[in-house]
file protein-v2.txt (compact mmCIF, C-alpha atoms)
# COMPACT_ATOMS: atom_id res chain seq x y z
CA MET A 1 4.36 -6.37 -17.94
CA ILE A 2 1.94 -9.24 -17.50
CA VAL A 3 -0.24 -8.97 -14.42
CA GLY A 4 -1.92 -11.96 -12.81
CA LYS A 5 -3.90 -12.93 -9.75
CA GLN A 6 -3.54 -16.14 -7.80
CA LYS A 7 -6.48 -18.49 -7.93
CA PRO A 8 -8.35 -19.01 -4.66
CA LEU A 9 -6.60 -21.54 -2.44
CA GLU A 10 -9.65 -23.82 -2.40
CA GLU A 11 -9.63 -24.03 -6.21
CA ILE A 12 -5.93 -24.84 -6.16
CA TRP A 13 -6.43 -27.44 -3.46
CA GLU A 14 -9.09 -29.20 -5.55
CA MET A 15 -6.60 -29.37 -8.43
CA ILE A 16 -3.69 -30.76 -6.46
CA ARG A 17 -5.19 -32.90 -3.69
CA THR A 18 -5.09 -36.20 -5.57
CA TYR A 19 -1.36 -36.02 -6.34
CA LYS A 20 1.47 -37.21 -4.13
CA LYS A 21 4.29 -34.82 -5.03
CA VAL A 22 3.45 -31.29 -6.04
CA LEU A 23 5.88 -28.57 -7.05
CA VAL A 24 4.70 -24.97 -6.66
CA PHE A 25 6.66 -23.29 -9.41
CA GLY A 26 7.20 -19.52 -9.44
CA CYS A 27 8.15 -17.23 -12.28
CA ASN A 28 10.26 -14.35 -11.08
CA THR A 29 9.75 -11.73 -13.77
CA CYS A 30 6.38 -10.17 -14.74
CA VAL A 31 4.06 -11.82 -12.25
CA ALA A 32 6.60 -11.31 -9.47
CA VAL A 33 6.21 -7.55 -9.83
CA CYS A 34 2.54 -7.75 -8.83
CA HIS A 35 3.54 -10.16 -6.02
CA GLU A 36 1.31 -12.95 -7.26
CA GLY A 37 3.48 -15.43 -9.13
CA GLY A 38 7.10 -14.89 -8.15
CA ASN A 39 9.42 -17.24 -6.33
CA LYS A 40 8.57 -15.67 -2.99
CA GLU A 41 4.87 -16.17 -3.66
CA ALA A 42 5.61 -19.79 -4.58
CA GLU A 43 7.16 -20.25 -1.13
CA ILE A 44 4.14 -18.70 0.59
CA MET A 45 1.66 -20.73 -1.44
CA ALA A 46 3.56 -23.96 -0.79
CA SER A 47 3.54 -23.18 2.91
CA LEU A 48 -0.23 -22.58 2.92
CA LEU A 49 -0.83 -25.76 0.94
CA ARG A 50 1.29 -27.78 3.38
CA MET A 51 -0.87 -26.49 6.21
CA LYS A 52 -3.98 -27.36 4.23
CA ALA A 53 -2.66 -30.83 3.43
CA LYS A 54 -1.89 -31.46 7.07
CA GLN A 55 -5.41 -30.52 8.14
CA GLU A 56 -6.97 -32.60 5.39
CA GLY A 57 -4.80 -35.57 6.32
CA ALA A 58 -3.60 -35.74 2.72
CA ASP A 59 -0.51 -37.75 1.94
CA LEU A 60 0.94 -34.99 -0.14
CA GLU A 61 4.48 -33.67 -0.37
CA ILE A 62 4.77 -30.09 -1.50
CA LYS A 63 7.93 -28.33 -2.62
CA ASP A 64 8.48 -24.89 -4.06
CA PHE A 65 10.93 -23.63 -6.60
CA GLY A 66 11.16 -20.79 -9.07
CA ILE A 67 13.07 -19.52 -12.04
CA GLU A 68 13.47 -16.14 -13.65
CA ARG A 69 11.20 -16.85 -16.61
CA GLN A 70 9.00 -19.82 -17.44
CA CYS A 71 8.59 -18.62 -21.03
CA GLU A 72 12.20 -19.26 -22.12
CA HIS A 73 14.03 -22.57 -22.35
CA GLU A 74 17.35 -21.22 -21.13
CA PHE A 75 16.09 -20.55 -17.62
CA PHE A 76 14.90 -24.08 -16.85
CA ASP A 77 18.21 -25.82 -16.09
CA SER A 78 18.14 -25.17 -12.36
CA ALA A 79 14.57 -26.47 -12.13
CA LEU A 80 14.98 -29.80 -13.93
CA GLU A 81 15.46 -31.89 -10.81
CA ASN A 82 12.42 -30.43 -9.05
CA ILE A 83 10.17 -30.75 -12.08
CA GLU A 84 11.23 -34.35 -12.64
CA TRP A 85 10.54 -35.07 -8.96
CA ALA A 86 6.94 -33.83 -9.08
CA ASP A 87 3.79 -35.74 -10.06
CA ALA A 88 2.19 -32.39 -10.76
CA VAL A 89 3.58 -28.91 -11.22
CA LEU A 90 1.46 -26.02 -10.01
CA SER A 91 2.81 -23.11 -12.02
CA ILE A 92 2.04 -19.60 -10.88
CA ALA A 93 3.45 -18.05 -14.04
CA CYS A 94 1.23 -16.36 -16.62
CA GLY A 95 -0.68 -18.50 -19.11
CA ALA A 96 2.26 -18.40 -21.50
CA GLY A 97 4.67 -19.69 -18.89
CA ILE A 98 2.32 -22.45 -17.77
CA GLN A 99 1.84 -23.65 -21.36
CA PHE A 100 5.55 -23.49 -22.01
CA VAL A 101 6.24 -25.81 -19.07
CA ALA A 102 3.46 -28.14 -20.30
CA GLU A 103 4.97 -28.20 -23.80
CA ARG A 104 8.39 -29.05 -22.49
CA TRP A 105 7.11 -31.79 -20.17
CA PRO A 106 4.11 -33.15 -22.12
CA GLU A 107 3.88 -36.24 -19.90
CA LYS A 108 3.73 -34.17 -16.74
CA ILE A 109 0.58 -32.75 -15.16
CA ILE A 110 0.91 -28.97 -15.23
CA LEU A 111 -1.67 -27.00 -13.28
CA PRO A 112 -2.45 -23.27 -13.28
CA GLY A 113 -2.19 -21.53 -9.93
CA LEU A 114 -2.70 -18.08 -11.35
CA ASN A 115 -5.21 -16.30 -13.56
CA THR A 116 -3.45 -14.11 -16.11
CA THR A 117 -5.33 -10.84 -16.11
CA PHE A 118 -3.75 -8.14 -18.25
CA ILE A 119 -0.75 -6.31 -19.64
CA GLY A 120 -0.34 -3.27 -17.53
CA VAL A 121 1.74 -0.85 -15.53
CA VAL A 122 2.52 -0.09 -11.90
CA ASP A 123 0.61 3.13 -11.19
CA GLU A 124 2.03 3.20 -7.69
CA PRO A 125 3.29 0.50 -5.33
CA GLY A 126 0.52 -2.10 -5.07
CA VAL A 127 -1.63 -0.60 -7.84
CA PHE A 128 -1.58 -2.15 -11.31
CA SER A 129 -3.71 -1.16 -14.27
CA GLU A 130 -4.28 -2.31 -17.81
CA ARG A 131 -2.72 -0.49 -20.75
CA CYS A 132 -2.49 -2.80 -23.77
CA LEU A 133 -4.70 -5.43 -25.39
CA MET A 134 -2.00 -6.54 -27.84
CA CYS A 135 -4.15 -5.71 -30.88
CA GLY A 136 -1.11 -5.83 -33.13
CA ASP A 137 -1.66 -2.47 -34.83
CA CYS A 138 -0.72 0.42 -32.57
CA ILE A 139 -2.34 3.83 -33.10
CA LEU A 140 -0.97 5.62 -30.05
CA HIS A 141 0.53 8.29 -32.33
CA LEU A 142 -3.02 9.39 -33.20
CA THR A 143 -4.38 9.36 -29.68
CA GLY A 144 -1.78 11.19 -27.62
CA GLY A 145 -0.27 8.02 -26.25
CA VAL A 146 -3.52 6.80 -24.68
CA CYS A 147 -4.87 3.58 -26.16
CA PRO A 148 -8.57 3.65 -27.02
CA ILE A 149 -8.62 -0.13 -27.35
CA ALA A 150 -7.37 -0.76 -23.83
CA ARG A 151 -8.50 2.36 -22.01
CA CYS A 152 -12.00 2.74 -23.46
CA SER A 153 -14.33 0.08 -22.05
CA LYS A 154 -15.96 -0.27 -25.46
CA SER A 155 -12.69 -0.05 -27.41
CA ILE A 156 -14.23 2.47 -29.76
CA MET A 157 -11.95 4.08 -32.30
CA ASN A 158 -13.66 7.48 -32.43
CA GLY A 159 -14.94 8.55 -29.06
CA PRO A 160 -16.15 9.40 -26.60
CA CYS A 161 -19.45 7.57 -26.58
CA GLY A 162 -22.60 9.01 -25.03
CA GLY A 163 -21.87 7.32 -21.73
CA SER A 164 -18.93 9.50 -20.77
CA GLU A 165 -19.81 11.74 -17.85
CA ASP A 166 -17.53 14.04 -15.87
CA GLY A 167 -14.56 12.23 -17.31
CA LYS A 168 -15.77 8.86 -16.07
CA CYS A 169 -16.93 5.76 -17.90
CA GLU A 170 -20.53 4.59 -17.72
CA ILE A 171 -19.37 0.99 -17.40
CA ARG A 172 -17.77 1.70 -14.05
CA PRO A 173 -17.67 5.08 -12.36
CA ASP A 174 -14.24 4.42 -10.86
CA ILE A 175 -12.54 4.25 -14.25
CA SER A 176 -11.64 7.23 -16.36
CA CYS A 177 -13.19 7.62 -19.78
CA GLY A 178 -10.43 6.61 -22.21
CA TRP A 179 -11.51 9.20 -24.74
CA GLN A 180 -11.59 11.94 -22.11
CA LEU A 181 -7.98 11.02 -21.37
CA ILE A 182 -7.18 11.20 -25.07
CA TYR A 183 -8.89 14.60 -25.37
CA ASP A 184 -7.05 15.97 -22.33
CA ARG A 185 -3.70 14.68 -23.55
CA LEU A 186 -4.08 16.05 -27.08
CA LYS A 187 -5.20 19.38 -25.68
CA THR A 188 -2.10 19.50 -23.45
CA GLN A 189 0.03 18.77 -26.49
CA GLY A 190 -1.70 21.39 -28.65
CA ARG A 191 -2.78 18.68 -31.10
CA ILE A 192 -6.52 18.71 -30.49
CA GLU A 193 -7.12 18.85 -34.26
CA LEU A 194 -6.21 15.18 -34.37
CA LEU A 195 -9.68 14.46 -33.00
CA ASP A 196 -11.17 15.78 -36.26
CA GLU A 197 -9.59 12.88 -38.10
CA VAL A 198 -11.81 9.84 -38.33
CA ILE A 199 -9.85 6.76 -37.40
CA PRO A 200 -10.93 3.87 -39.66
CA ALA A 201 -12.59 0.81 -38.19
CA LYS A 202 -9.97 -1.52 -36.79
CA ASN A 203 -8.80 -4.46 -38.81
CA TRP A 204 -8.65 -7.10 -36.13
CA VAL A 205 -6.71 -9.52 -38.31
CA THR A 206 -3.53 -8.35 -36.55
CA SER A 207 -5.13 -9.29 -33.24
CA ARG A 208 -6.60 -12.62 -32.25
CA ASP A 209 -8.87 -12.73 -35.32
CA GLY A 210 -5.88 -13.95 -37.29
CA GLY A 211 -5.36 -16.93 -34.96
CA PRO A 212 -2.36 -17.49 -32.67
CA ARG A 213 0.39 -15.05 -33.55
CA LYS A 214 4.07 -15.63 -34.06
CA LEU A 215 7.13 -13.44 -34.46
CA ILE A 216 10.17 -14.81 -36.23
CA GLN A 217 13.49 -12.96 -36.05
CA GLU A 218 15.64 -14.69 -38.63
CA HIS A 219 18.85 -13.10 -37.31
CA LEU A 220 18.27 -14.57 -33.86
CA LYS A 221 17.37 -18.09 -34.91
CA THR A 222 19.72 -20.98 -34.37
CA ASP A 223 21.24 -22.70 -37.41
CA LYS A 224 19.11 -25.76 -36.94
CA GLU A 225 15.93 -25.62 -39.01
CA GLU A 226 13.93 -27.14 -36.20
CA THR A 227 14.88 -27.70 -32.62
CA SER A 228 13.31 -30.37 -30.48
CA HIS A 229 11.48 -27.60 -28.62
CA ASP A 230 9.62 -26.51 -31.76
CA SER A 231 7.84 -29.81 -31.98
CA ALA A 232 5.54 -28.83 -29.14
CA GLU A 233 4.09 -26.01 -31.17
CA MET B 1 5.13 0.42 8.14
CA ASN B 2 5.94 -2.20 5.48
CA ALA B 3 6.09 -4.92 8.09
CA LYS B 4 2.70 -3.82 9.43
CA LYS B 5 1.13 -4.03 5.97
CA LYS B 6 2.65 -7.45 5.42
CA MET B 7 1.24 -8.61 8.73
CA GLU B 8 -2.20 -7.39 7.67
CA TYR B 9 -1.82 -9.33 4.43
CA LEU B 10 -0.72 -12.44 6.28
CA LYS B 11 -3.82 -12.17 8.45
CA THR B 12 -5.94 -12.38 5.29
CA LEU B 13 -4.11 -15.55 4.18
CA LEU B 14 -4.37 -17.55 7.38
CA PRO B 15 -8.18 -18.04 7.41
CA ASN B 16 -7.75 -19.88 4.06
CA VAL B 17 -6.06 -22.63 6.02
CA ASN B 18 -8.40 -22.46 8.99
CA ILE B 19 -6.00 -20.58 11.24
CA ASP B 20 -7.33 -17.75 13.38
CA PRO B 21 -5.48 -14.55 12.43
CA ALA B 22 -5.47 -13.63 16.12
CA ARG B 23 -2.68 -16.18 16.51
CA ILE B 24 -0.23 -13.71 15.06
CA GLU B 25 0.43 -10.13 16.13
CA MET B 26 3.08 -7.52 15.64
CA TYR B 27 4.35 -5.17 18.33
CA ASN B 28 6.70 -2.22 17.97
CA LEU B 29 9.17 -2.00 20.80
CA SER B 30 12.59 -0.52 21.35
CA ALA B 31 15.42 -2.59 22.76
CA ALA B 32 15.10 -0.62 26.00
CA MET B 33 11.54 -1.81 26.66
CA GLY B 34 12.33 -5.10 28.33
CA PRO B 35 9.55 -4.97 30.96
CA ARG B 36 6.91 -4.19 28.30
CA TRP B 37 8.27 -7.05 26.19
CA ALA B 38 7.86 -9.43 29.10
CA GLU B 39 4.33 -8.16 29.62
CA ILE B 40 3.43 -8.70 25.97
CA CYS B 41 4.87 -12.22 26.05
CA THR B 42 2.76 -13.06 29.09
CA GLU B 43 -0.39 -11.56 27.57
CA PHE B 44 0.16 -13.28 24.26
CA THR B 45 0.84 -16.63 25.88
CA GLU B 46 -2.47 -16.32 27.75
CA LYS B 47 -4.25 -15.40 24.55
CA ILE B 48 -2.86 -18.39 22.68
CA LYS B 49 -3.74 -20.69 25.56
CA LYS B 50 -7.34 -19.44 25.38
CA LEU B 51 -7.44 -20.04 21.63
CA GLY B 52 -6.38 -23.64 22.26
CA PRO B 53 -4.21 -25.93 20.17
CA SER B 54 -3.63 -24.85 16.58
CA PRO B 55 -5.61 -26.64 13.87
CA ILE B 56 -2.31 -27.86 12.47
CA TRP B 57 -1.37 -29.47 15.77
CA LEU B 58 -4.82 -30.99 16.10
CA ALA B 59 -4.69 -32.35 12.56
CA GLU B 60 -1.21 -33.80 13.03
CA ASN B 61 -2.26 -35.62 16.19
CA LYS B 62 -5.59 -36.72 14.77
CA PHE B 63 -4.04 -38.30 11.73
CA THR B 64 -1.19 -39.86 13.67
CA GLY B 65 -3.65 -41.18 16.25
CA LYS B 66 -2.02 -39.37 19.19
CA GLU B 67 -5.10 -37.39 20.19

call {"tool": "encode", "arguments": {"input": "protein-v2.txt", "output": "structure tokens"}}
result
Amino acid sequence: MIVGKQKPLEEIWEMIRTYKKVLVFGCNTCVAVCHEGGNKEAEIMASLLRMKAKQEGADLEIKDFGIERQCEHEFFDSALENIEWADAVLSIACGAGIQFVAERWPEKIILPGLNTTFIGVVDEPGVFSERCLMCGDCILHLTGGVCPIARCSKSIMNGPCGGSEDGKCEIRPDISCGWQLIYDRLKTQGRIELLDEVIPAKNWVTSRDGGPRKLIQEHLKTDKEETSHDSAE
Amino acid sequence: MNAKKKMEYLKTLLPNVNIDPARIEMYNLSAAMGPRWAEICTEFTEKIKKLGPSPIWLAENKFTGKE
């Protein structure tokens, strides 16, 4: 899932303070799991901002609302009234959700209340860690299910590097060496010989080097060649 | 335990809006501890009185000219 972190309240305040009607808009899927951008967090943030507005003497009305996903059109119906009401929408969705709202309401001021940080997992309640950089060409079958792109600080394809010590990374001693993890996993699986294979240099064209990516599923598309929503692309 | 952790989290949020985290506390009591409850209420009331009006109250009155 996508993990994010709310921006500092002061930074948010600077963004919103000149508007009259602000909607704090939560997204109740990915960023709700890390308790940063869900509908409950929208309520809390709106409450803090109301307190801030009161102390600053700002003539600012703040509402909160949330939907299940800000990255899909079908979830927006219940939010239309609130979005129309607002001068500015402070979205605490991930960057995709924020942009999607901005595309749908191009005349509206859409502000980011959250920094999107990574795609990760829930190690344990309250602990989230990165697992995937979305490179677009998965090689987990060669590395025992541990991604060298995401888990190695240097994203090297044939590791470990000389900075690995006692299973830890030289970049930060609190993170495990990705290639040590790969070695341990392959050893557990009895497939250590996979490490003898040289993995070719990565072709980053499947990642961001090829520009913004798109997936088209012809069997899921609507009959219309272009919908009004596509025009924002 | 969850409530306690959430209270700790709330105490980290309040300074962002200039509110002293000491203005909120959590106590664990059973329904049979009426006298202790009364004691806590008295103590907490005293504590809040010492802390003075909340910044929200002050701001509301300042901007409405009631101060």

call {"tool": "atom_distance", "arguments": {"input": "protein-v2.txt", "atom1": "atom CA of B:Glu8", "atom2": "atom CA of A:Cys34"}}
result
17.2 Å

call {"tool": "interface_residues", "arguments": {"input": "protein-v2.txt", "of": "chain A", "to": "chain B", "cutoff": "10 Å", "atoms": "all atoms listed in the file", "output": "list in words"}}
result
Pro8, Leu9, Glu10, Ile44, Met45, Leu48, Leu49, Arg50, Met51, Lys52, Ala53, Lys54, Gln55, Glu56, Gly57 and Ala58 of chain A

call {"tool": "write_last_selection", "arguments": {"input": "protein-v2.txt", "atoms": "C-alpha atoms", "output": "PDB file, in the coordinates of the input"}}
result
ATOM      1  CA  PRO A   8      -8.350 -19.010  -4.660  1.00  0.00           C
ATOM      2  CA  LEU A   9      -6.600 -21.540  -2.440  1.00  0.00           C
ATOM      3  CA  GLU A  10      -9.650 -23.820  -2.400  1.00  0.00           C
ATOM      4  CA  ILE A  44       4.140 -18.700   0.590  1.00  0.00           C
ATOM      5  CA  MET A  45       1.660 -20.730  -1.440  1.00  0.00           C
ATOM      6  CA  LEU A  48      -0.230 -22.580   2.920  1.00  0.00           C
ATOM      7  CA  LEU A  49      -0.830 -25.760   0.940  1.00  0.00           C
ATOM      8  CA  ARG A  50       1.290 -27.780   3.380  1.00  0.00           C
ATOM      9  CA  MET A  51      -0.870 -26.490   6.210  1.00  0.00           C
ATOM     10  CA  LYS A  52      -3.980 -27.360   4.230  1.00  0.00           C
ATOM     11  CA  ALA A  53      -2.660 -30.830   3.430  1.00  0.00           C
ATOM     12  CA  LYS A  54      -1.890 -31.460   7.070  1.00  0.00           C
ATOM     13  CA  GLN A  55      -5.410 -30.520   8.140  1.00  0.00           C
ATOM     14  CA  GLU A  56      -6.970 -32.600   5.390  1.00  0.00           C
ATOM     15  CA  GLY A  57      -4.800 -35.570   6.320  1.00  0.00           C
ATOM     16  CA  ALA A  58      -3.600 -35.740   2.720  1.00  0.00           C
TER      17      ALA A  58
END

call {"tool": "atom_distance", "arguments": {"input": "protein-v2.txt", "atom1": "atom CA of A:Lys20", "atom2": "atom CA of A:Pro112"}}
result
17.1 Å

call {"tool": "residues_around", "arguments": {"input": "protein-v2.txt", "residues": "A:Ala79", "least_positions_apart": "3", "cutoff": "8 Å", "atoms": "only C-alpha atoms", "output": "VMD selection string"}}
result
chain A and resid 65 to 67 76 82 to 83

call {"tool": "write_last_selection", "arguments": {"input": "protein-v2.txt", "atoms": "C-alpha atoms", "output": "mmCIF file, in the coordinates of the input"}}
result
data_model
loop_
_atom_site.group_PDB
_atom_site.id
_atom_site.type_symbol
_atom_site.label_atom_id
_atom_site.label_comp_id
_atom_site.auth_asym_id
_atom_site.auth_seq_id
_atom_site.Cartn_x
_atom_site.Cartn_y
_atom_site.Cartn_z
ATOM 1 C CA PHE A 65 10.930 -23.630 -6.600
ATOM 2 C CA GLY A 66 11.160 -20.790 -9.070
ATOM 3 C CA ILE A 67 13.070 -19.520 -12.040
ATOM 4 C CA PHE A 76 14.900 -24.080 -16.850
ATOM 5 C CA ASN A 82 12.420 -30.430 -9.050
ATOM 6 C CA ILE A 83 10.170 -30.750 -12.080
#

call {"tool": "atom_distance", "arguments": {"input": "protein-v2.txt", "atom1": "atom CA of A:Gly162", "atom2": "atom CA of A:Leu142"}}
result
21.2 Å

call {"tool": "axis_aligned_box", "arguments": {"input": "protein-v2.txt", "around": "stretch 40-54 of chain B", "padding_each_side": "6 Å", "output": "JSON"}}
result
{"center_x": -1.3, "center_y": -17.3, "center_z": 22.8, "size_x": 24.3, "size_y": 29.2, "size_z": 24.5}
